[in-house]
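Peer 1: So that you have it, the file is coords09.txt, and it contains compact mmCIF, C-alpha atoms:
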```txt
# COMPACT_ATOMS: atom_id res chain seq x y z
CA MET A 191 4.49 43.67 5.16
CA ILE A 192 7.79 45.43 4.58
CA THR A 193 10.87 43.67 3.30
CA ILE A 194 14.26 45.37 2.95
CA LYS A 195 17.10 43.67 1.15
CA GLU A 196 19.82 46.11 2.03
CA TYR A 197 20.30 49.08 4.37
CA VAL A 198 22.80 51.87 3.76
CA ALA A 199 23.58 55.12 5.58
CA PRO A 200 25.81 57.11 3.19
CA ALA A 201 28.11 59.84 4.45
CA GLU A 202 27.59 62.01 1.34
CA ILE A 203 24.32 63.22 -0.11
CA LYS A 204 25.62 62.68 -3.63
CA GLU A 205 26.13 59.01 -2.85
CA ALA A 206 22.66 58.77 -1.29
CA TYR A 207 21.10 60.28 -4.44
CA GLU A 208 23.04 57.99 -6.77
CA ILE A 209 21.90 54.93 -4.85
CA LEU A 210 18.33 56.26 -4.82
CA VAL A 211 18.08 56.69 -8.58
CA SER A 212 20.06 53.57 -9.47
CA LYS A 213 17.12 51.20 -8.90
CA LYS A 214 13.37 51.60 -8.90
CA LYS A 215 12.92 49.92 -5.53
CA ASN A 216 15.59 51.94 -3.72
CA VAL A 217 13.98 54.38 -1.28
CA ILE A 218 14.90 57.00 1.28
CA LEU A 219 13.92 56.12 4.84
CA GLY A 220 12.13 58.83 6.75
CA GLY A 221 11.26 58.31 10.38
CA CYS A 222 9.46 55.08 9.40
CA GLY A 223 6.51 56.08 11.59
CA PHE A 224 4.02 54.84 9.00
CA ILE A 225 6.17 52.04 7.60
CA LYS A 226 3.85 49.33 8.89
CA MET A 227 0.72 50.96 7.52
CA GLY A 228 1.53 49.70 4.04
CA SER A 229 3.51 47.00 2.33
CA ALA A 230 6.56 47.28 0.15
CA ASN A 231 9.50 45.29 -1.11
CA ILE A 232 12.42 47.66 -0.75
CA ASN A 233 15.66 46.86 -2.47
CA THR A 234 17.98 49.34 -0.74
CA ALA A 235 16.75 51.47 2.15
CA ILE A 236 18.77 54.68 2.35
CA ASP A 237 19.12 56.32 5.75
CA LEU A 238 20.04 60.03 5.80
CA CYS A 239 21.22 59.89 9.43
CA ASN A 240 24.90 60.46 8.56
CA LEU A 241 24.30 63.59 6.47
CA SER A 242 24.05 66.06 9.37
CA LEU A 243 20.56 67.17 8.31
CA ASP A 244 19.24 67.36 11.87
CA TYR A 245 19.19 71.12 12.51
CA ILE A 246 17.07 74.21 12.97
CA LYS A 247 19.07 77.34 12.12
CA GLU A 248 18.06 80.95 12.16
CA GLU A 249 19.61 83.60 9.94
CA GLU A 250 18.70 87.21 9.37
CA ASN A 251 15.90 86.60 6.90
CA GLU A 252 15.29 82.87 6.99
CA ILE A 253 14.92 79.80 9.18
CA PHE A 254 16.38 76.52 7.91
CA ILE A 255 15.01 73.16 9.02
CA GLY A 256 17.05 70.09 8.06
CA ALA A 257 15.23 67.10 6.62
CA ASP A 258 16.38 64.80 9.42
CA THR A 259 14.92 67.03 12.15
CA SER A 260 12.30 65.25 14.24
CA LEU A 261 8.77 66.57 14.60
CA ARG A 262 9.35 66.64 18.36
CA ASP A 263 12.27 69.02 17.84
CA LEU A 264 9.99 71.24 15.74
CA GLU A 265 7.49 71.18 18.58
CA ILE A 266 9.89 72.23 21.34
CA ASN A 267 12.54 74.28 19.53
CA GLU A 268 12.63 77.87 20.79
CA ILE A 269 13.19 79.39 17.34
CA ILE A 270 10.15 77.60 15.95
CA LYS A 271 8.06 78.30 19.04
CA LYS A 272 8.70 82.01 18.69
CA TYR A 273 8.13 82.19 14.93
CA CYS A 274 4.65 83.44 13.98
CA ASN A 275 3.29 82.62 17.43
CA GLY A 276 4.46 79.03 17.25
CA VAL A 277 2.12 77.89 14.49
CA ILE A 278 4.43 75.06 13.40
CA SER A 279 4.93 73.79 16.94
CA GLU A 280 1.18 73.86 17.44
CA ALA A 281 0.54 72.06 14.15
CA VAL A 282 2.78 69.09 14.92
CA SER A 283 1.81 68.78 18.59
CA ASN A 284 -1.19 66.56 17.91
CA ILE A 285 0.60 64.05 15.71
CA VAL A 286 0.20 60.71 17.51
CA GLY A 287 2.38 60.90 20.66
CA VAL A 288 5.76 62.15 21.84
CA GLN A 289 7.34 58.77 21.07
CA PHE A 290 6.13 58.97 17.47
CA ARG A 291 7.18 62.58 17.04
CA ASN A 292 10.65 61.68 18.29
CA ILE A 293 11.09 59.41 15.26
CA ALA A 294 9.00 61.13 12.55
CA ARG A 295 11.12 63.39 10.35
CA VAL A 296 10.36 66.75 8.71
CA GLY A 297 11.78 65.70 5.35
CA ALA A 298 9.63 62.60 5.08
CA SER A 299 6.50 64.42 6.27
CA VAL A 300 6.87 67.06 3.58
CA PHE A 301 8.31 64.98 0.75
CA SER A 302 5.56 62.35 1.09
CA LYS A 303 2.94 65.09 0.55
CA TYR A 304 0.58 63.28 2.93
CA GLY A 305 -2.97 64.57 2.61
CA PHE A 306 -3.49 64.20 6.36
CA SER A 307 -0.30 66.12 7.20
CA ASP A 308 -0.74 68.69 9.97
CA LEU A 309 2.64 70.19 9.16
CA ILE A 310 2.04 71.08 5.51
CA PRO A 311 -0.83 73.61 5.97
CA ALA A 312 1.29 75.53 8.50
CA LEU A 313 4.29 75.58 6.16
CA LEU A 314 2.10 76.64 3.23
CA VAL A 315 0.77 79.79 4.87
CA LEU A 316 4.33 80.74 5.86
CA ASP A 317 5.49 80.63 2.20
CA ALA A 318 7.93 77.81 2.93
CA LYS A 319 10.32 76.58 0.27
CA VAL A 320 11.86 73.15 -0.04
CA LYS A 321 15.43 72.51 -1.09
CA LEU A 322 15.73 69.34 -3.12
CA TYR A 323 19.11 67.81 -3.88
CA ASN A 324 18.38 67.52 -7.59
CA GLY A 325 15.39 69.83 -8.03
CA GLY A 326 16.89 72.82 -6.23
CA LEU A 327 15.02 75.36 -4.18
CA ILE A 328 11.29 75.61 -5.00
CA GLU A 329 8.17 76.95 -3.34
CA LEU A 330 6.38 74.34 -1.25
CA GLU A 331 3.14 75.20 -3.04
CA ARG A 332 4.72 74.36 -6.40
CA PHE A 333 6.38 71.23 -5.01
CA LEU A 334 3.04 69.92 -3.73
CA GLU A 335 1.50 70.32 -7.18
CA SER A 336 4.42 68.69 -8.98
CA LYS A 337 4.58 65.08 -10.10
CA HIS A 338 6.48 62.68 -7.86
CA GLN A 339 10.11 62.41 -8.81
CA LYS A 340 12.90 60.59 -7.03
CA ASP A 341 14.85 63.20 -5.13
CA ILE A 342 16.10 64.00 -1.65
CA LEU A 343 14.57 66.78 0.37
CA VAL A 344 17.52 68.47 2.04
CA GLU A 345 15.84 71.23 4.04
CA VAL A 346 12.77 73.38 4.46
CA VAL A 347 13.39 77.11 4.24
CA LEU A 348 11.08 79.54 5.99
CA PRO A 349 11.17 83.24 5.15
CA LYS A 350 10.98 85.30 8.32
CA LYS A 351 7.53 86.70 7.82
CA ARG A 352 6.21 89.36 10.13
CA GLY A 353 2.75 88.55 11.35
CA GLN A 354 0.61 86.07 13.22
CA ALA A 355 -0.41 82.57 12.23
CA VAL A 356 -2.62 79.87 13.69
CA PHE A 357 -3.28 76.19 13.09
CA ASN A 358 -6.57 74.48 13.77
CA SER A 359 -8.08 71.12 13.01
CA ILE A 360 -11.19 69.04 13.38
CA ARG A 361 -10.45 65.57 14.71
CA LYS A 362 -12.26 63.01 16.83
CA SER A 363 -9.55 62.76 19.46
CA SER A 364 -6.34 64.63 20.08
CA THR A 365 -3.97 62.13 18.48
CA ASP A 366 -6.22 61.00 15.64
CA PHE A 367 -5.70 61.97 12.01
CA ALA A 368 -7.49 65.23 11.29
CA ILE A 369 -10.82 65.11 9.47
CA LEU A 370 -9.91 68.57 8.24
CA ASN A 371 -7.05 70.87 9.17
CA GLY A 372 -5.90 74.30 8.27
CA ALA A 373 -3.65 77.24 8.95
CA MET A 374 -4.06 80.95 8.53
CA PHE A 375 -1.54 83.78 8.43
CA LYS A 376 -2.11 87.50 8.70
CA GLY A 377 0.85 89.73 8.04
CA GLU A 378 1.66 93.06 9.61
CA ASP A 379 1.16 94.44 6.09
CA ASN A 380 -2.37 92.94 6.19
CA SER A 381 -1.47 90.14 3.77
CA CYS A 382 -3.42 86.95 4.37
CA LYS A 383 -2.94 83.25 3.60
CA ILE A 384 -5.31 80.38 4.28
CA ALA A 385 -4.43 76.71 3.75
CA ILE A 386 -6.81 73.81 4.18
CA GLY A 387 -5.59 70.22 4.41
CA ALA A 388 -6.89 66.69 5.01
CA ARG A 389 -9.58 67.42 2.40
CA PRO A 390 -8.64 64.40 2.44
CA SER A 391 -6.21 65.23 -0.34
CA ARG A 392 -3.15 67.34 0.37
CA ALA A 393 -3.32 70.87 1.71
CA LYS A 394 -3.94 73.72 -0.67
CA LEU A 395 -4.09 77.48 -0.38
CA ALA A 396 -7.52 79.11 -0.52
CA VAL A 397 -6.32 82.05 -2.61
CA LYS A 398 -9.64 83.75 -3.35
CA ALA A 399 -10.82 83.59 0.27
CA ALA A 400 -7.52 85.00 1.51
CA SER A 401 -7.55 87.85 -1.01
CA LEU A 402 -10.91 88.95 0.36
CA LEU A 403 -9.42 89.35 3.82
CA GLU A 404 -6.25 91.04 2.61
CA LYS A 405 -5.41 94.70 2.78
CA LYS A 406 -7.88 95.45 5.50
CA GLU A 407 -6.83 96.04 9.05
CA ILE A 408 -10.18 94.96 10.40
CA ASN A 409 -12.51 92.59 8.60
CA SER A 410 -16.23 92.82 9.20
CA GLU A 411 -18.26 89.81 10.29
CA GLN A 412 -19.70 89.77 6.78
CA ASP A 413 -16.21 89.62 5.21
CA ILE A 414 -15.33 86.60 7.38
CA LEU A 415 -18.53 84.76 6.53
CA LEU A 416 -17.99 85.43 2.85
CA ALA A 417 -14.33 84.36 2.97
CA ALA A 418 -15.34 81.13 4.74
CA GLU A 419 -17.97 80.48 2.07
CA ILE A 420 -15.50 81.21 -0.75
CA ALA A 421 -12.85 78.90 0.76
CA SER A 422 -15.36 76.05 0.87
CA GLU A 423 -16.26 76.68 -2.78
CA GLU A 424 -12.82 77.21 -4.28
CA LEU A 425 -11.30 74.06 -2.76
CA SER A 426 -12.34 70.52 -3.57
CA PHE A 427 -13.21 67.98 -0.91
CA GLY A 428 -13.54 64.22 -0.87
CA THR A 429 -14.91 61.37 1.19
CA ASN A 430 -12.96 58.81 3.17
CA LEU A 431 -13.59 56.83 6.36
CA ARG A 432 -13.01 59.91 8.51
CA GLY A 433 -15.57 62.17 6.90
CA SER A 434 -17.72 62.83 3.88
CA LYS A 435 -17.15 65.40 1.17
CA GLU A 436 -20.24 67.34 2.31
CA TYR A 437 -19.15 67.32 5.95
CA ARG A 438 -15.67 68.57 5.08
CA LYS A 439 -17.08 71.32 2.87
CA ASP A 440 -19.29 72.55 5.72
CA MET A 441 -16.52 72.22 8.28
CA CYS A 442 -14.17 74.22 6.07
CA LYS A 443 -16.33 77.28 6.69
CA VAL A 444 -16.21 76.63 10.44
CA LEU A 445 -12.44 76.18 10.37
CA VAL A 446 -11.84 79.45 8.50
CA LYS A 447 -14.04 81.34 10.96
CA ARG A 448 -12.34 79.72 13.95
CA MET A 449 -8.85 80.48 12.66
CA ASN A 450 -9.77 84.08 11.93
CA LYS A 451 -11.20 84.46 15.43
CA GLU A 452 -8.05 82.96 16.94
CA LEU A 453 -5.88 85.38 14.98
CA GLY A 454 -7.99 88.18 16.36
CA ASP A 455 -7.36 86.85 19.84
CA HIS A 456 -3.62 86.77 19.15
CA HIS A 457 -3.73 90.40 18.02
CA ASP A 458 -5.36 91.30 21.32
CA MET B 44 24.05 42.80 9.10
CA ASN B 45 26.36 43.02 12.04
CA ILE B 46 25.83 46.01 14.33
CA LYS B 47 27.14 47.20 17.66
CA LEU B 48 24.75 48.74 20.14
CA THR B 49 24.18 49.06 23.86
CA ILE B 50 21.13 47.54 25.51
CA ASN B 51 20.57 48.52 29.13
CA ASN B 52 24.23 49.50 29.56
CA ARG B 53 25.42 46.22 28.06
CA ASP B 54 27.57 46.56 24.92
CA MET B 55 26.52 44.05 22.32
CA GLU B 56 27.41 43.01 18.80
CA ILE B 57 24.49 41.35 17.06
CA ASP B 58 23.36 40.14 13.65
CA VAL B 59 20.12 41.64 12.40
CA ASP B 60 18.13 41.62 9.19
CA PRO B 61 17.78 45.02 7.49
CA ASP B 62 13.99 44.81 7.94
CA GLU B 63 14.02 43.72 11.58
CA PHE B 64 12.25 46.02 14.01
CA LEU B 65 13.61 46.92 17.40
CA VAL B 66 10.69 45.44 19.33
CA ASP B 67 11.57 42.01 17.91
CA THR B 68 15.29 42.39 18.58
CA LEU B 69 14.77 43.51 22.15
CA ARG B 70 12.40 40.65 22.92
CA LYS B 71 14.80 38.20 21.28
CA TYR B 72 17.53 39.41 23.63
CA GLY B 73 15.42 38.99 26.74
CA CYS B 74 13.82 42.41 27.18
CA LEU B 75 10.33 40.99 27.56
CA SER B 76 8.98 44.16 29.14
CA VAL B 77 8.79 45.55 25.58
CA LYS B 78 5.29 44.69 24.43
CA ARG B 79 3.87 44.47 20.95
CA GLY B 80 0.50 46.26 20.90
CA CYS B 81 -0.90 47.84 17.76
CA ASP B 82 2.36 47.21 15.89
CA THR B 83 1.64 50.27 13.76
CA GLY B 84 3.10 53.07 15.89
CA SER B 85 -0.10 54.20 17.54
CA CYS B 86 -0.47 52.81 21.07
CA GLY B 87 2.80 53.45 22.95
CA LEU B 88 3.10 49.92 24.39
CA CYS B 89 6.51 49.30 22.83
CA ALA B 90 8.08 52.57 24.04
CA VAL B 91 11.79 52.42 24.85
CA TRP B 92 14.55 55.02 24.97
CA ILE B 93 17.14 55.51 22.27
CA ASP B 94 19.93 57.73 23.52
CA GLU B 95 17.56 58.91 26.28
CA LYS B 96 14.72 59.83 23.88
CA VAL B 97 11.50 57.86 24.12
CA ILE B 98 10.53 56.21 20.83
CA LEU B 99 8.28 53.46 19.49
CA SER B 100 10.27 50.27 18.96
CA CYS B 101 7.63 48.68 16.70
CA THR B 102 8.39 51.09 13.86
CA TYR B 103 12.10 51.56 14.51
CA LEU B 104 14.44 49.50 12.35
CA THR B 105 17.09 47.82 14.49
CA VAL B 106 19.86 48.67 12.02
CA ARG B 107 19.23 52.34 12.78
CA ALA B 108 20.14 51.69 16.42
CA ALA B 109 23.75 50.91 15.50
CA GLY B 110 26.07 52.80 17.84
CA LYS B 111 23.19 53.92 20.01
CA SER B 112 22.20 53.20 23.59
CA ILE B 113 18.83 51.56 24.17
CA THR B 114 17.08 51.49 27.50
CA THR B 115 14.07 49.33 28.30
CA LEU B 116 12.16 48.97 31.55
CA GLU B 117 14.67 46.29 32.61
CA GLY B 118 17.34 49.00 32.60
CA VAL B 119 15.54 51.41 34.90
CA GLU B 120 14.04 49.03 37.44
CA LYS B 121 14.92 51.08 40.52
CA GLU B 122 13.55 54.32 39.09
CA ALA B 123 10.47 52.53 37.80
CA LYS B 124 9.76 50.89 41.17
CA GLU B 125 9.48 54.30 42.78
CA PHE B 126 6.75 55.27 40.31
CA THR B 127 4.95 51.93 40.18
CA ASP B 128 4.36 52.09 43.92
CA PHE B 129 2.21 55.14 43.21
CA LEU B 130 0.48 53.34 40.31
CA ALA B 131 -0.36 50.39 42.55
CA SER B 132 -1.59 52.54 45.41
CA GLU B 133 -3.94 54.37 43.03
CA GLY B 134 -5.29 51.09 41.62
CA ALA B 135 -4.02 52.11 38.21
CA ASP B 136 -2.08 48.99 37.27
CA GLN B 137 -5.02 46.82 36.12
CA CYS B 138 -3.97 44.24 33.48
CA GLY B 139 -0.53 45.84 33.24
CA PHE B 140 0.04 45.19 29.55
CA CYS B 141 0.47 48.88 28.71
CA ALA B 142 2.49 49.57 31.86
CA PRO B 143 6.07 49.16 30.53
CA GLY B 144 5.57 51.63 27.66
CA PHE B 145 3.63 53.93 29.94
CA ILE B 146 6.31 53.90 32.64
CA MET B 147 9.12 54.54 30.12
CA THR B 148 7.18 57.56 28.86
CA VAL B 149 6.51 58.90 32.36
CA LEU B 150 10.20 58.58 33.28
CA SER B 151 11.15 60.30 30.03
CA MET B 152 8.74 63.14 30.82
CA LYS B 153 10.24 63.48 34.29
CA LYS B 154 13.67 64.05 32.73
CA GLU B 155 12.40 66.37 29.99
CA ILE B 156 9.88 68.61 31.73
CA ILE B 157 10.57 70.23 35.07
CA ASN B 158 7.45 70.76 37.18
CA PRO B 159 4.94 69.70 34.50
CA SER B 160 1.37 70.94 34.76
CA GLU B 161 -1.57 68.55 34.43
CA GLU B 162 -1.94 69.79 30.86
CA ASP B 163 1.74 68.98 30.14
CA ILE B 164 1.25 65.49 31.57
CA LEU B 165 -1.84 64.77 29.48
CA HIS B 166 -0.15 66.09 26.35
CA TYR B 167 3.06 64.11 26.91
CA LEU B 168 1.16 60.89 27.52
CA ASN B 169 -1.46 61.12 24.81
CA GLY B 170 0.42 58.56 22.75
CA ASN B 171 -0.01 55.89 25.44
CA LEU B 172 -3.26 53.99 25.22
CA CYS B 173 -4.75 51.97 28.09
CA ARG B 174 -7.94 49.97 27.62
CA CYS B 175 -8.53 49.18 31.32
CA THR B 176 -8.17 52.16 33.55
CA GLY B 177 -9.79 55.18 31.96
CA TYR B 178 -6.55 57.01 32.83
CA LYS B 179 -7.83 58.67 36.02
CA GLY B 180 -5.82 56.48 38.39
CA GLN B 181 -2.72 56.84 36.25
CA ILE B 182 -2.95 60.62 36.23
CA ARG B 183 -3.41 60.64 40.03
CA ALA B 184 -0.35 58.40 40.37
CA ILE B 185 1.79 60.61 38.13
CA LYS B 186 0.74 63.76 39.95
CA LYS B 187 1.61 62.24 43.32
CA TYR B 188 4.90 60.88 41.96
CA LEU B 189 5.90 64.24 40.48
CA LYS B 190 4.33 66.21 43.33
CA VAL B 191 2.05 68.14 40.97
CA PRO B 192 -0.57 70.06 42.96
CA PHE B 193 -4.14 68.76 42.55
CA GLN B 194 -6.60 71.30 41.15
CA GLU B 195 -9.87 71.84 43.02
```
Would you write the structure of this file as structure tokens?

Peer 2:
Amino acid sequence: MITIKEYVAPAEIKEAYEILVSKKKNVILGGCGFIKMGSANINTAIDLCNLSLDYIKEEENEIFIGADTSLRDLEINEIIKKYCNGVISEAVSNIVGVQFRNIARVGASVFSKYGFSDLIPALLVLDAKVKLYNGGLIELERFLESKHQKDILVEVVLPKKRGQAVFNSIRKSSTDFAILNGAMFKGEDNSCKIAIGARPSRAKLAVKAASLLEKKEINSEQDILLAAEIASEELSFGTNLRGSKEYRKDMCKVLVKRMNKELGDHHD
Amino acid sequence: MNIKLTINNRDMEIDVDPDEFLVDTLRKYGCLSVKRGCDTGSCGLCAVWIDEKVILSCTYLTVRAAGKSITTLEGVEKEAKEFTDFLASEGADQCGFCAPGFIMTVLSMKKEIINPSEEDILHYLNGNLCRCTGYKGQIRAIKKYLKVPFQE
């Protein structure tokens, strides 16, 4: 059960941050999509709706996604759909339904560091950064590893990478939480990134596996099999009600192979 | 808290608790088409429109609707009737409990996607669960309503 004593929607981010840190039980409201999945006694719920953080902007070298942007906007926005063959749009398109994606927010999805997040693996392979009100601009990878601190995620910053990326997942039905998910990027300079999420812990880059596939224009079947094997070894997996550790470890190999094949298809 | 909002084109000023959810408010003010299903944001039964966008009212705090326009099935009766005739003729109404949320989503899709394909329809509606029909009749009804060609 959720109880909220007070609701505020500040007009300034400074004010929102000051309210947030003034009491332990003051929290930022995201889209509230998962609010009923847990229980909490919230003192002051802070809504960011008046901070004009609902935007997707494109500049010469970067794309900026405001924290209050809905996942549905990410899914249908033309800038996002065209960026790295629409990997972000594809990643969020299986999250529950349209109604849910219309309320779920980018900031909350990223800041909460959900293990099951479909968005995070896609952002990881694109070298996304997060801009925090207090913590400043940091790499998403570093943010995910950091300890939880009260802060406000202002925006996600995507460097305009040149290359192709894909998202894939293993799930029982289209709107279910993923048993395992992942994203893969291959740059025009033959750089490579692989991220695996829903392990069930949060997504992480498979650095060793990706380095094996880097710097080669064409990877042999043997390279792919080895990279898939390495990814399953370098990352840790766990068991929850959706899948066992052993199953996830095996499926990780399958996912890496599938994503690599899809990237090949995109190149064609 | 005192908020102003519009429900089905009716301007209202109401008192709500900060932790009150829209499904409860709407039902309290007579919009009984809005059904409580899973109550965890998964089934689509409580779908309504906020400023023309379809959302789940079971996880939407009413205070966030301040200054916004909410539409429930009661507010689009004429438009809905046109579609429900197709639902009935395809035998897709069954128990009807999921119908209000389902209809609100179909009408939202009609506004958002011009000439949707069958794939678009299935994708747009995958957040609406129905335990009676198996979806076949509903898909037939939508395709006839939107004049989507049937594939061989």

Peer 1: Could you please select, counting all atoms listed in the file, the residues of chain B within 8 Å of chain A and state them as a list in words?

Peer 2: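 Written out as asked, the residues are Pro61, Asp62, Asp82, Thr83, Gly84, Ser85, Gly87, Ala90, Lys96, Val97, Ile98, Leu99, Thr102, Tyr103, Val106, Thr148, Tyr167, Leu168, Asn169, Gly170 and Asn171 of chain B.
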
Peer 1: Using all atoms listed in the file, which residues sit within 10 Å of segment 63-76 of chain B once same-chain residues fewer than 4 positions away are excluded, as a PyMOL selection string?

Peer 2: (chain A and resi 192-194) or (chain B and resi 50-51+57-59+82+88-91+99-108+113-118+140-144)

Peer 1: With distances taken over only C-alpha atoms, which residue among A:Ile310, A:Leu219, A:Ile384, A:Leu241 lies nearest Lys447 of chain A?

Peer 2: A:Ile384

Peer 1: Kindly provide the residues of segment 113-154 of chain B that approach segment 182-194 of chain B to within 10 Å, each paired with its closest atom pair and their distance in Å to one decimal, based on all atoms listed in the file, listed by chain and increasing number, as JSON lines.

Peer 2:
```
{"residue": "B:Glu125", "atom": "CA", "partner": "B:Tyr188", "partner_atom": "CA", "distance": 8.1}
{"residue": "B:Phe126", "atom": "CA", "partner": "B:Tyr188", "partner_atom": "CA", "distance": 6.1}
{"residue": "B:Thr127", "atom": "CA", "partner": "B:Ala184", "partner_atom": "CA", "distance": 8.4}
{"residue": "B:Asp128", "atom": "CA", "partner": "B:Ala184", "partner_atom": "CA", "distance": 8.6}
{"residue": "B:Phe129", "atom": "CA", "partner": "B:Ala184", "partner_atom": "CA", "distance": 5.0}
{"residue": "B:Leu130", "atom": "CA", "partner": "B:Ala184", "partner_atom": "CA", "distance": 5.1}
{"residue": "B:Ala131", "atom": "CA", "partner": "B:Ala184", "partner_atom": "CA", "distance": 8.3}
{"residue": "B:Ser132", "atom": "CA", "partner": "B:Ala184", "partner_atom": "CA", "distance": 7.8}
{"residue": "B:Glu133", "atom": "CA", "partner": "B:Ala184", "partner_atom": "CA", "distance": 6.0}
{"residue": "B:Gly134", "atom": "CA", "partner": "B:Ala184", "partner_atom": "CA", "distance": 8.9}
{"residue": "B:Ala135", "atom": "CA", "partner": "B:Ala184", "partner_atom": "CA", "distance": 7.6}
{"residue": "B:Ile146", "atom": "CA", "partner": "B:Ile185", "partner_atom": "CA", "distance": 9.8}
{"residue": "B:Val149", "atom": "CA", "partner": "B:Ile185", "partner_atom": "CA", "distance": 7.6}
{"residue": "B:Leu150", "atom": "CA", "partner": "B:Ile185", "partner_atom": "CA", "distance": 9.9}
{"residue": "B:Lys153", "atom": "CA", "partner": "B:Leu189", "partner_atom": "CA", "distance": 7.6}
```

Peer 1: Where's the centre, and what are the edge lengths in Å to one decimal, of a box along x, y and z enclosing all listed atoms of segment 196-204 of chain A padded 6 Å per side, as JSON?

Peer 2:
```
{"center_x": 24.0, "center_y": 54.7, "center_z": 1.0, "size_x": 20.3, "size_y": 29.1, "size_z": 21.2}
```

Peer 1: Residues at most 6 Å from segment 433-443 of chain A, counting all atoms listed in the file, excluding those fewer than 4 positions away in the same chain, as a ChimeraX atom specification?

Peer 2: /A:418-419,422,427-429

Peer 1: Starting from the sparse input, extend segment 417-422 of chain A to all heavy atoms and give the output as a PDB file, in the coordinates of the input.

Peer 2:
```pdb
ATOM      1  N   ALA A 417     -15.622  85.033   3.211  1.00  0.00           N
ATOM      2  CA  ALA A 417     -14.330  84.360   2.970  1.00  0.00           C
ATOM      3  C   ALA A 417     -14.450  82.861   3.289  1.00  0.00           C
ATOM      4  O   ALA A 417     -13.918  82.017   2.547  1.00  0.00           O
ATOM      5  CB  ALA A 417     -13.247  84.991   3.834  1.00  0.00           C
ATOM      6  N   ALA A 418     -15.152  82.537   4.365  1.00  0.00           N
ATOM      7  CA  ALA A 418     -15.340  81.130   4.740  1.00  0.00           C
ATOM      8  C   ALA A 418     -16.115  80.389   3.644  1.00  0.00           C
ATOM      9  O   ALA A 418     -15.772  79.262   3.267  1.00  0.00           O
ATOM     10  CB  ALA A 418     -16.068  81.038   6.073  1.00  0.00           C
ATOM     11  N   GLU A 419     -17.141  81.051   3.133  1.00  0.00           N
ATOM     12  CA  GLU A 419     -17.970  80.480   2.070  1.00  0.00           C
ATOM     13  C   GLU A 419     -17.117  80.266   0.798  1.00  0.00           C
ATOM     14  O   GLU A 419     -17.167  79.203   0.169  1.00  0.00           O
ATOM     15  CB  GLU A 419     -19.133  81.450   1.775  1.00  0.00           C
ATOM     16  CG  GLU A 419     -20.180  80.938   0.808  1.00  0.00           C
ATOM     17  CD  GLU A 419     -21.051  79.829   1.385  1.00  0.00           C
ATOM     18  OE1 GLU A 419     -21.383  79.914   2.577  1.00  0.00           O
ATOM     19  OE2 GLU A 419     -21.355  78.891   0.631  1.00  0.00           O
ATOM     20  N   ILE A 420     -16.336  81.278   0.455  1.00  0.00           N
ATOM     21  CA  ILE A 420     -15.500  81.210  -0.750  1.00  0.00           C
ATOM     22  C   ILE A 420     -14.468  80.080  -0.633  1.00  0.00           C
ATOM     23  O   ILE A 420     -14.256  79.311  -1.568  1.00  0.00           O
ATOM     24  CB  ILE A 420     -14.806  82.569  -1.025  1.00  0.00           C
ATOM     25  CG1 ILE A 420     -15.844  83.596  -1.465  1.00  0.00           C
ATOM     26  CG2 ILE A 420     -13.727  82.442  -2.089  1.00  0.00           C
ATOM     27  CD1 ILE A 420     -15.319  85.025  -1.553  1.00  0.00           C
ATOM     28  N   ALA A 421     -13.854  79.967   0.553  1.00  0.00           N
ATOM     29  CA  ALA A 421     -12.850  78.900   0.760  1.00  0.00           C
ATOM     30  C   ALA A 421     -13.477  77.534   0.532  1.00  0.00           C
ATOM     31  O   ALA A 421     -12.881  76.652  -0.109  1.00  0.00           O
ATOM     32  CB  ALA A 421     -12.283  78.989   2.182  1.00  0.00           C
ATOM     33  N   SER A 422     -14.711  77.356   1.019  1.00  0.00           N
ATOM     34  CA  SER A 422     -15.360  76.050   0.870  1.00  0.00           C
ATOM     35  C   SER A 422     -15.759  75.782  -0.584  1.00  0.00           C
ATOM     36  O   SER A 422     -15.940  74.636  -0.987  1.00  0.00           O
ATOM     37  CB  SER A 422     -16.582  75.949   1.786  1.00  0.00           C
ATOM     38  OG  SER A 422     -17.659  76.681   1.253  1.00  0.00           O
TER      39      SER A 422
END
```
